[in-house]
$ cat data36.cif   # mmCIF, C-alpha atoms and all ligand atoms
data_start
#
loop_
_atom_site.label_atom_id
_atom_site.label_comp_id
_atom_site.auth_asym_id
_atom_site.auth_seq_id
_atom_site.Cartn_x
_atom_site.Cartn_y
_atom_site.Cartn_z
CA MET D 247 2.67 32.86 -38.84
CA ALA D 248 3.77 34.53 -42.09
CA ASP D 249 5.26 31.15 -43.06
CA ASN D 250 1.80 29.74 -42.75
CA LEU D 251 0.00 32.14 -45.08
CA ARG D 252 -0.66 31.10 -48.63
CA PRO D 253 1.73 33.06 -50.87
CA GLU D 254 -0.09 35.59 -53.04
CA SER D 255 1.94 34.38 -56.03
CA LEU D 256 0.34 30.92 -55.80
CA GLN D 257 -2.39 30.82 -58.44
CA ARG D 258 -5.51 28.68 -57.80
CA ILE D 259 -4.75 25.25 -59.27
CA THR D 260 -7.71 24.46 -61.48
CA THR D 261 -6.22 22.84 -64.59
CA PRO D 262 -3.84 19.97 -65.39
CA GLU D 263 -1.31 22.53 -66.71
CA LEU D 264 -1.33 24.49 -63.45
CA ALA D 265 -1.05 21.21 -61.54
CA LYS D 266 2.00 20.20 -63.61
CA ALA D 267 3.68 23.53 -62.90
CA PHE D 268 2.95 23.10 -59.16
CA ILE D 269 4.33 19.53 -59.24
CA ASP D 270 7.57 20.64 -60.96
CA GLU D 271 8.04 23.46 -58.47
CA GLN D 272 7.40 21.17 -55.50
CA ILE D 273 9.75 18.49 -56.80
CA SER D 274 12.60 20.98 -56.90
CA ALA D 275 11.62 22.39 -53.47
CA LEU D 276 11.53 18.85 -52.04
CA HIS D 277 14.96 18.11 -53.55
CA SER D 278 16.46 21.13 -51.87
CA GLN D 279 14.74 20.50 -48.52
CA ILE D 280 15.46 16.76 -48.32
CA GLY D 281 18.65 16.30 -50.33
CA ALA D 282 19.80 12.69 -49.98
CA LYS D 283 18.14 12.16 -46.59
CA LYS D 284 15.27 9.90 -45.60
CA VAL D 285 11.57 10.78 -45.17
CA LEU D 286 8.77 8.97 -43.39
CA LEU D 287 5.05 9.28 -44.15
CA ALA D 288 1.92 7.84 -42.54
CA LEU D 289 -0.11 6.83 -45.59
CA SER D 290 -3.78 6.33 -44.77
CA GLY D 291 -4.96 6.16 -48.37
CA GLY D 292 -6.90 9.41 -47.94
CA VAL D 293 -6.58 12.09 -50.62
CA ASP D 294 -4.05 14.31 -48.85
CA SER D 295 -1.53 11.72 -47.67
CA SER D 296 -1.82 9.91 -51.03
CA VAL D 297 -1.01 13.06 -53.00
CA VAL D 298 1.94 13.82 -50.71
CA ALA D 299 3.20 10.24 -51.13
CA ALA D 300 2.93 10.44 -54.93
CA LEU D 301 4.77 13.79 -54.98
CA LEU D 302 7.56 12.45 -52.76
CA ILE D 303 7.92 9.27 -54.80
CA ARG D 304 8.52 11.48 -57.84
CA ALA D 305 10.91 13.76 -55.96
CA VAL D 306 12.98 11.42 -53.80
CA GLY D 307 11.85 7.87 -54.70
CA GLU D 308 13.52 5.29 -52.44
CA GLN D 309 14.35 7.85 -49.76
CA LEU D 310 10.67 7.84 -48.83
CA THR D 311 9.24 5.17 -46.54
CA CYS D 312 5.45 5.02 -46.27
CA VAL D 313 3.79 3.32 -43.33
CA HIS D 314 0.21 2.17 -43.83
CA VAL D 315 -1.49 1.18 -40.58
CA ASN D 316 -4.53 -1.04 -40.97
CA HIS D 317 -6.43 -0.42 -37.74
CA GLY D 318 -9.34 -2.60 -38.73
CA LEU D 319 -11.67 0.39 -39.10
CA LEU D 320 -11.02 1.03 -42.78
CA ARG D 321 -13.60 0.46 -45.49
CA LYS D 322 -13.64 -2.74 -47.50
CA GLY D 323 -10.79 -2.80 -50.04
CA GLU D 324 -9.02 0.34 -48.78
CA SER D 325 -5.77 -1.22 -47.59
CA GLU D 326 -5.67 -3.37 -50.72
CA GLN D 327 -5.96 -0.22 -52.88
CA VAL D 328 -3.11 1.48 -50.99
CA ILE D 329 -0.88 -1.56 -51.58
CA GLN D 330 -1.94 -1.89 -55.21
CA VAL D 331 -1.39 1.78 -56.10
CA PHE D 332 1.65 2.65 -54.03
CA LYS D 333 3.61 -0.59 -53.81
CA ASN D 334 2.67 -2.35 -57.03
CA GLN D 335 2.15 0.59 -59.42
CA LEU D 336 4.36 3.37 -58.06
CA GLY D 337 7.03 1.12 -56.54
CA ALA D 338 6.94 2.84 -53.15
CA ASN D 339 8.83 1.66 -50.15
CA LEU D 340 5.67 0.70 -48.25
CA ILE D 341 5.44 -0.89 -44.83
CA TYR D 342 2.03 -2.45 -44.25
CA VAL D 343 1.19 -2.86 -40.58
CA ASP D 344 -1.65 -5.20 -39.68
CA ALA D 345 -2.71 -3.71 -36.35
CA VAL D 346 -6.32 -4.92 -36.50
CA ASP D 347 -6.25 -7.15 -33.41
CA ARG D 348 -4.33 -4.58 -31.42
CA PHE D 349 -6.88 -1.80 -32.07
CA LEU D 350 -9.94 -3.99 -31.65
CA ASP D 351 -8.62 -5.48 -28.40
CA LYS D 352 -8.01 -1.98 -26.99
CA LEU D 353 -11.48 -0.86 -28.08
CA ALA D 354 -13.32 -3.89 -26.70
CA GLY D 355 -16.04 -2.87 -24.26
CA VAL D 356 -15.46 0.90 -24.77
CA SER D 357 -18.72 2.65 -25.62
CA ASP D 358 -17.98 6.33 -24.98
CA PRO D 359 -17.40 8.04 -28.39
CA GLU D 360 -14.68 10.40 -27.16
CA GLN D 361 -12.90 7.56 -25.41
CA LYS D 362 -13.08 5.50 -28.62
CA ARG D 363 -11.58 8.40 -30.61
CA LYS D 364 -8.83 8.86 -28.01
CA ILE D 365 -7.89 5.17 -28.04
CA ILE D 366 -7.80 5.10 -31.85
CA GLY D 367 -5.65 8.28 -31.98
CA LYS D 368 -3.23 7.15 -29.27
CA GLU D 369 -2.88 3.64 -30.63
CA PHE D 370 -2.18 5.04 -34.07
CA ILE D 371 0.67 7.19 -32.74
CA ASP D 372 2.05 4.20 -30.78
CA VAL D 373 2.00 1.87 -33.79
CA PHE D 374 3.50 4.52 -36.06
CA ALA D 375 6.21 5.38 -33.52
CA GLU D 376 7.14 1.69 -33.16
CA GLU D 377 7.55 1.40 -36.92
CA ALA D 378 9.56 4.66 -37.07
CA ARG D 379 11.97 3.37 -34.40
CA LYS D 380 12.72 0.29 -36.48
CA LEU D 381 14.00 2.50 -39.31
CA ASP D 382 17.49 3.97 -39.48
CA GLY D 383 18.40 7.49 -40.46
CA ILE D 384 14.96 9.11 -40.87
CA GLU D 385 15.25 12.90 -40.66
CA PHE D 386 11.99 14.13 -42.13
CA LEU D 387 8.31 13.48 -41.51
CA ALA D 388 5.97 14.20 -44.42
CA GLN D 389 2.36 15.15 -43.71
CA GLY D 390 -0.72 15.80 -45.80
CA THR D 391 -1.53 19.08 -44.08
CA ILE D 392 -3.73 21.23 -46.32
CA TYR D 393 -4.58 24.95 -46.09
CA PRO D 394 -7.93 24.56 -44.27
CA ASP D 395 -6.05 22.59 -41.57
CA ILE D 396 -3.76 25.57 -41.04
CA LEU D 397 -6.65 28.02 -41.06
CA GLU D 398 -8.44 25.95 -38.43
CA SER D 399 -5.21 25.05 -36.68
CA VAL D 400 -6.89 24.71 -33.30
CA GLY D 401 -8.59 21.61 -34.58
CA VAL D 402 -5.99 20.02 -36.85
CA LYS D 403 -7.37 16.60 -37.64
CA ALA D 404 -5.60 13.54 -36.31
CA HIS D 405 -5.12 11.93 -39.71
CA HIS D 406 -3.22 14.98 -40.98
CA ASN D 407 -1.01 15.21 -38.00
CA VAL D 408 1.25 12.71 -36.39
CA GLY D 409 2.68 15.62 -34.41
CA GLY D 410 1.92 13.75 -31.19
CA LEU D 411 5.02 11.61 -31.77
CA PRO D 412 7.30 11.15 -28.73
CA ALA D 413 10.34 13.38 -28.16
CA ASP D 414 12.88 10.93 -29.68
CA LEU D 415 10.97 11.09 -32.96
CA GLN D 416 10.80 14.83 -33.60
CA PHE D 417 11.58 15.01 -37.32
CA GLU D 418 11.62 18.07 -39.54
CA LEU D 419 8.24 18.42 -41.27
CA VAL D 420 7.70 18.16 -45.02
CA GLU D 421 4.29 19.57 -46.02
CA PRO D 422 4.21 20.11 -49.78
CA VAL D 423 0.44 20.72 -50.09
CA LYS D 424 0.01 22.91 -47.03
CA PHE D 425 -1.10 25.94 -49.05
CA LEU D 426 -3.62 24.06 -51.18
CA TYR D 427 -7.37 23.74 -50.81
CA LYS D 428 -8.93 20.29 -51.16
CA ASP D 429 -10.13 20.84 -54.75
CA GLU D 430 -6.57 21.83 -55.73
CA VAL D 431 -5.07 18.76 -54.01
CA ARG D 432 -7.44 16.65 -56.13
CA VAL D 433 -6.36 18.31 -59.40
CA VAL D 434 -2.72 17.69 -58.41
CA GLY D 435 -3.55 14.05 -57.51
CA ILE D 436 -5.03 13.39 -60.95
CA ALA D 437 -2.02 15.06 -62.62
CA LEU D 438 0.21 12.71 -60.59
CA GLY D 439 -1.66 9.73 -62.05
CA LEU D 440 -3.53 8.64 -58.92
CA PRO D 441 -6.83 6.80 -59.56
CA GLU D 442 -10.02 8.89 -59.49
CA SER D 443 -11.50 6.56 -56.86
CA MET D 444 -8.70 7.63 -54.53
CA VAL D 445 -8.60 11.32 -55.44
CA TYR D 446 -12.36 11.96 -55.48
CA ARG D 447 -13.27 9.90 -52.45
CA GLN D 448 -15.94 11.16 -50.12
CA PRO D 449 -14.86 12.52 -46.71
CA PHE D 450 -13.99 9.70 -44.31
CA PRO D 451 -13.45 10.30 -40.59
CA GLY D 452 -10.05 9.56 -39.03
CA PRO D 453 -11.58 7.01 -36.60
CA GLY D 454 -13.09 5.34 -39.66
CA LEU D 455 -15.88 2.81 -39.32
CA GLY D 456 -15.27 2.92 -35.56
CA VAL D 457 -17.77 5.79 -35.19
CA ARG D 458 -20.31 3.99 -37.40
CA CYS D 459 -20.29 0.87 -35.27
CA VAL D 460 -22.13 2.76 -32.57
CA GLY D 461 -21.17 2.10 -28.94
CA ALA D 462 -18.76 -0.67 -27.98
CA ILE D 463 -17.28 -2.14 -31.16
CA THR D 464 -17.66 -5.85 -31.71
CA ARG D 465 -16.11 -7.71 -34.60
CA ASP D 466 -19.40 -9.08 -35.94
CA ARG D 467 -21.11 -5.68 -35.92
CA LEU D 468 -18.03 -4.02 -37.44
CA GLU D 469 -18.20 -6.54 -40.29
CA ALA D 470 -21.88 -5.65 -40.75
CA VAL D 471 -20.89 -1.96 -41.05
CA ARG D 472 -18.07 -2.74 -43.48
CA GLU D 473 -20.08 -5.10 -45.69
CA SER D 474 -23.18 -2.88 -45.81
CA ASP D 475 -21.01 0.17 -46.58
CA ALA D 476 -19.39 -1.72 -49.47
CA ILE D 477 -22.83 -2.63 -50.87
CA LEU D 478 -24.03 0.98 -50.53
CA ARG D 479 -20.93 2.30 -52.31
CA GLU D 480 -21.24 -0.28 -55.11
CA GLU D 481 -24.90 0.56 -55.69
CA PHE D 482 -24.25 4.32 -55.57
CA ALA D 483 -21.50 3.88 -58.15
CA ALA D 484 -23.78 1.76 -60.36
CA ALA D 485 -26.50 4.43 -60.10
CA GLY D 486 -24.06 7.19 -61.11
CA LEU D 487 -24.19 8.84 -57.67
CA GLN D 488 -20.50 8.45 -56.82
CA GLY D 489 -18.93 11.91 -56.72
CA LYS D 490 -22.41 13.50 -56.80
CA VAL D 491 -23.54 12.81 -53.24
CA TRP D 492 -21.21 14.45 -50.73
CA GLN D 493 -21.07 11.69 -48.12
CA TYR D 494 -22.87 8.35 -47.84
CA PHE D 495 -22.38 5.46 -45.50
CA THR D 496 -24.09 2.95 -43.26
CA VAL D 497 -24.35 2.83 -39.49
CA VAL D 498 -25.10 -0.12 -37.21
CA PRO D 499 -26.49 0.78 -33.77
CA SER D 500 -25.64 -1.34 -30.77
CA PHE D 501 -29.11 -2.77 -30.17
CA THR D 502 -31.02 -5.53 -31.94
CA SER D 503 -34.63 -5.96 -32.98
CA THR D 504 -36.90 -8.88 -33.73
CA GLY D 505 -37.17 -10.32 -37.21
CA ILE D 506 -38.30 -13.52 -38.88
CA LYS D 507 -36.33 -15.82 -41.16
CA ASP D 508 -37.24 -19.31 -42.40
CA GLY D 509 -40.20 -19.32 -40.01
CA LYS D 510 -38.02 -18.57 -36.97
CA ARG D 511 -37.73 -15.41 -34.91
CA THR D 512 -34.41 -13.61 -35.18
CA ASP D 513 -32.77 -11.07 -32.94
CA ASP D 514 -30.45 -9.17 -35.24
CA TRP D 515 -28.82 -5.79 -36.01
CA MET D 516 -30.22 -3.00 -38.13
CA VAL D 517 -28.38 -1.04 -40.82
CA ILE D 518 -29.09 2.67 -41.23
CA ILE D 519 -28.42 4.33 -44.57
CA ARG D 520 -27.13 7.91 -44.42
CA ALA D 521 -26.64 10.02 -47.56
CA VAL D 522 -26.06 13.76 -47.21
CA ASN D 523 -24.99 16.79 -49.18
CA SER D 524 -22.89 19.55 -47.69
CA ILE D 525 -20.37 22.22 -48.58
CA ASP D 526 -18.20 22.25 -45.48
CA ALA D 527 -19.82 19.73 -43.08
CA THR D 528 -21.19 22.47 -40.80
CA SER D 529 -24.67 21.81 -42.17
CA ALA D 530 -26.06 19.07 -44.38
CA THR D 531 -29.19 18.20 -46.32
CA ILE D 532 -30.52 14.76 -47.21
CA GLU D 533 -29.98 13.26 -50.64
CA GLU D 534 -33.40 12.16 -51.90
CA LEU D 535 -32.69 8.61 -52.97
CA PRO D 536 -35.06 6.96 -55.45
CA TYR D 537 -37.09 4.11 -53.90
CA PRO D 538 -36.02 1.50 -56.48
CA LEU D 539 -32.39 2.15 -55.48
CA LEU D 540 -33.26 1.96 -51.78
CA TYR D 541 -35.07 -1.36 -52.37
CA LYS D 542 -32.06 -2.76 -54.23
CA ILE D 543 -29.68 -1.73 -51.44
CA ARG D 544 -32.09 -3.12 -48.82
CA ASP D 545 -32.42 -6.46 -50.60
CA ARG D 546 -28.66 -6.84 -50.96
CA ILE D 547 -27.96 -5.90 -47.34
CA LEU D 548 -30.65 -8.26 -46.01
CA SER D 549 -29.44 -11.16 -48.11
CA GLU D 550 -25.66 -10.59 -48.09
CA VAL D 551 -24.82 -9.16 -44.66
CA ALA D 552 -24.78 -11.61 -41.76
CA GLY D 553 -26.71 -10.78 -38.60
CA VAL D 554 -28.92 -8.02 -40.08
CA ASN D 555 -32.73 -8.14 -40.25
CA ARG D 556 -33.72 -4.50 -40.83
CA VAL D 557 -32.65 -1.57 -43.06
CA LEU D 558 -33.56 2.05 -42.27
CA TYR D 559 -33.10 5.33 -44.17
CA ASP D 560 -32.14 8.36 -42.10
CA LEU D 561 -34.02 11.54 -43.10
CA SER D 562 -32.41 13.89 -40.58
CA PRO D 563 -30.60 17.02 -41.75
CA LYS D 564 -27.73 18.72 -39.90
CA PRO D 565 -28.74 20.51 -37.75
CA ILE D 566 -30.56 19.04 -35.81
CA ALA D 567 -28.73 15.74 -36.34
CA THR D 568 -24.98 15.56 -36.92
CA ILE D 569 -23.69 13.69 -39.96
CA GLU D 570 -22.09 10.86 -37.99
CA TYR D 571 -23.90 9.09 -35.14
CA GLU D 572 -21.32 9.70 -32.44
P1 LIG D 601 -20.45 15.55 -37.83
O1 LIG D 601 -20.83 14.18 -37.37
O2 LIG D 601 -19.78 16.36 -36.75
O3 LIG D 601 -19.38 15.36 -38.99
O4 LIG D 601 -21.62 16.31 -38.42
C1 LIG D 601 -18.89 16.40 -39.80
C2 LIG D 601 -17.83 15.82 -40.75
O5 LIG D 601 -16.67 15.45 -40.02
C3 LIG D 601 -16.40 14.07 -40.18
N1 LIG D 601 -15.97 13.56 -38.86
C4 LIG D 601 -14.70 13.32 -38.51
N2 LIG D 601 -13.57 13.42 -39.22
N3 LIG D 601 -12.35 12.67 -37.33
C5 LIG D 601 -12.39 13.09 -38.62
O6 LIG D 601 -11.33 13.15 -39.26
C6 LIG D 601 -13.47 12.54 -36.56
O7 LIG D 601 -13.41 12.14 -35.39
C7 LIG D 601 -14.70 12.88 -37.19
N4 LIG D 601 -15.98 12.90 -36.76
C8 LIG D 601 -16.75 13.31 -37.80
C9 LIG D 601 -17.71 13.44 -40.65
O8 LIG D 601 -17.48 12.24 -41.39
C10 LIG D 601 -18.30 14.56 -41.47
O9 LIG D 601 -17.78 14.59 -42.79
#

$ encode --input "data36.cif" --output "structure tokens"
Amino acid sequence: MADNLRPESLQRITTPELAKAFIDEQISALHSQIGAKKVLLALSGGVDSSVVAALLIRAVGEQLTCVHVNHGLLRKGESEQVIQVFKNQLGANLIYVDAVDRFLDKLAGVSDPEQKRKIIGKEFIDVFAEEARKLDGIEFLAQGTIYPDILESVGVKAHHNVGGLPADLQFELVEPVKFLYKDEVRVVGIALGLPESMVYRQPFPGPGLGVRCVGAITRDRLEAVRESDAILREEFAAAGLQGKVWQYFTVVPSFTSTGIKDGKRTDDWMVIIRAVNSIDATSATIEELPYPLLYKIRDRILSEVAGVNRVLYDLSPKPIATIEYE
């Protein structure tokens, strides 16, 4: 356990200078841990795995292989950003796995939220393990574990932990940011040259848009979630709310309602807008969005997103509601 306590000598990383000192220290620690051997990393594009990838690229370059699994439940443009930043800009050894059909086929007809989460988690491990087996000579597995994950170790989140790998793939762990808090990981990410849009992203659940496409996921409804989420994020950015509102997204329930378009009745989905503020996700308040912004988002969703005839704004705080819908 002592190995898992933040060393008292580690100062809070609040400035670019402190981040640079941390990066230099970690690079030499990574050199001595890894030597000339090979490391594998599951790179989701989230803040923690991205910072670990950028640190390892600096420390061991080509010895690192990153695997990015696109499970079809990512937000619009996320996989593209991972490829752009890590492969094109940083020159990482990046394996992109298009597992969209595989995940969506497994999830077809499954409406129970816990079952959906289990399938997504298990499938992720399976896909990652298959990729790992194709590679020769891997001895280390890097993970974006951060200090709150250790403190709450009972509930270590799936996206920080590929520890469920089968017995033939038990690598030694490399966890260079395991003593850092999220705000410190972000300062380090910026010092490593990662884009702000990656480093300051809002929290995003491991099962991704899968929990926002309520009930059994269908491809058309998932597209409605993804497209409406992209519109919401664009309009929040244009209104200067990006980085100010803690978490904002859209949800599409699994039932339809009546509408009217070109003189004909429609039977289409509804999009719910959720925008909340929180410190640690245990409670949340509603962001009071200005009506002109809501109207703009509504108009864009109704005209640009196929199969949607209604837009709603969720006013429920946590508690009594939770932040996500399932
Ligand atoms: P709830 O819905 O419980 O969400 O109020 C609290 C925070 O946790 C995120 N969340 C998840 N994150 N895997 C994750 O990694 C999950 O299954 C999951 N479910 C919820 C949610 O987005 C919010 O920030």

$ closest_atom_pairs --input "data36.cif" --of "chain D" --to "ligand LIG 601 (chain D)" --cutoff "10 Å" --atoms "all atoms listed in the file" --output "CSV"
residue,atom,partner,partner_atom,distance
D:Pro359,CA,D:LIG601,O7,9.0
D:Glu360,CA,D:LIG601,O7,8.5
D:Lys362,CA,D:LIG601,O7,9.5
D:Arg363,CA,D:LIG601,O7,6.3
D:Lys364,CA,D:LIG601,O7,9.3
D:Ile366,CA,D:LIG601,O7,9.7
D:Gly367,CA,D:LIG601,O7,9.3
D:Val402,CA,D:LIG601,O6,9.0
D:Lys403,CA,D:LIG601,O6,5.5
D:Ala404,CA,D:LIG601,O6,6.5
D:His405,CA,D:LIG601,O6,6.3
D:His406,CA,D:LIG601,O6,8.5
D:Gln448,CA,D:LIG601,O9,8.3
D:Pro449,CA,D:LIG601,O9,5.3
D:Phe450,CA,D:LIG601,O8,5.2
D:Pro451,CA,D:LIG601,N2,3.4
D:Gly452,CA,D:LIG601,O6,3.8
D:Pro453,CA,D:LIG601,O7,5.6
D:Gly454,CA,D:LIG601,N3,7.7
D:Leu455,CA,D:LIG601,O8,9.8
D:Gly456,CA,D:LIG601,O7,9.4
D:Val457,CA,D:LIG601,N4,7.5
D:Arg458,CA,D:LIG601,O8,9.6
D:Trp492,CA,D:LIG601,O9,8.7
D:Gln493,CA,D:LIG601,O9,6.9
D:Tyr494,CA,D:LIG601,O8,9.3
D:Phe495,CA,D:LIG601,O8,9.3
D:Val522,CA,D:LIG601,O9,9.4
D:Asn523,CA,D:LIG601,O9,9.9
D:Ser524,CA,D:LIG601,O9,8.6
D:Ile525,CA,D:LIG601,O9,9.9
D:Asp526,CA,D:LIG601,C2,8.0
D:Ala527,CA,D:LIG601,C1,4.8
D:Thr528,CA,D:LIG601,C1,6.6
D:Ser529,CA,D:LIG601,O4,7.3
D:Ala530,CA,D:LIG601,O4,7.9
D:Pro563,CA,D:LIG601,O4,9.6
D:Lys564,CA,D:LIG601,O4,6.7
D:Pro565,CA,D:LIG601,O4,8.3
D:Ile566,CA,D:LIG601,O4,9.7
D:Ala567,CA,D:LIG601,O4,7.4
D:Thr568,CA,D:LIG601,O4,3.8
D:Ile569,CA,D:LIG601,O4,3.7
D:Glu570,CA,D:LIG601,O1,3.6
D:Tyr571,CA,D:LIG601,O1,6.3
D:Glu572,CA,D:LIG601,O1,6.7

$ atom_distance --input "data36.cif" --atom1 "CA of Ala388 in chain D" --atom2 "CA of Ile280 in chain D"
10.6 Å

$ atom_distance --input "data36.cif" --atom1 "CA of Val285 in chain D" --atom2 "CA of Leu310 in chain D"
4.8 Å

$ atom_distance --input "data36.cif" --atom1 "CA of Gln272 in chain D" --atom2 "CA of Pro253 in chain D"
14.0 Å

$ closest_residue --input "data36.cif" --among "D:Gln335, D:Ser255, D:Thr260, D:Gln416" --to "Ala437 in chain D" --atoms "all atoms listed in the file"
D:Thr260
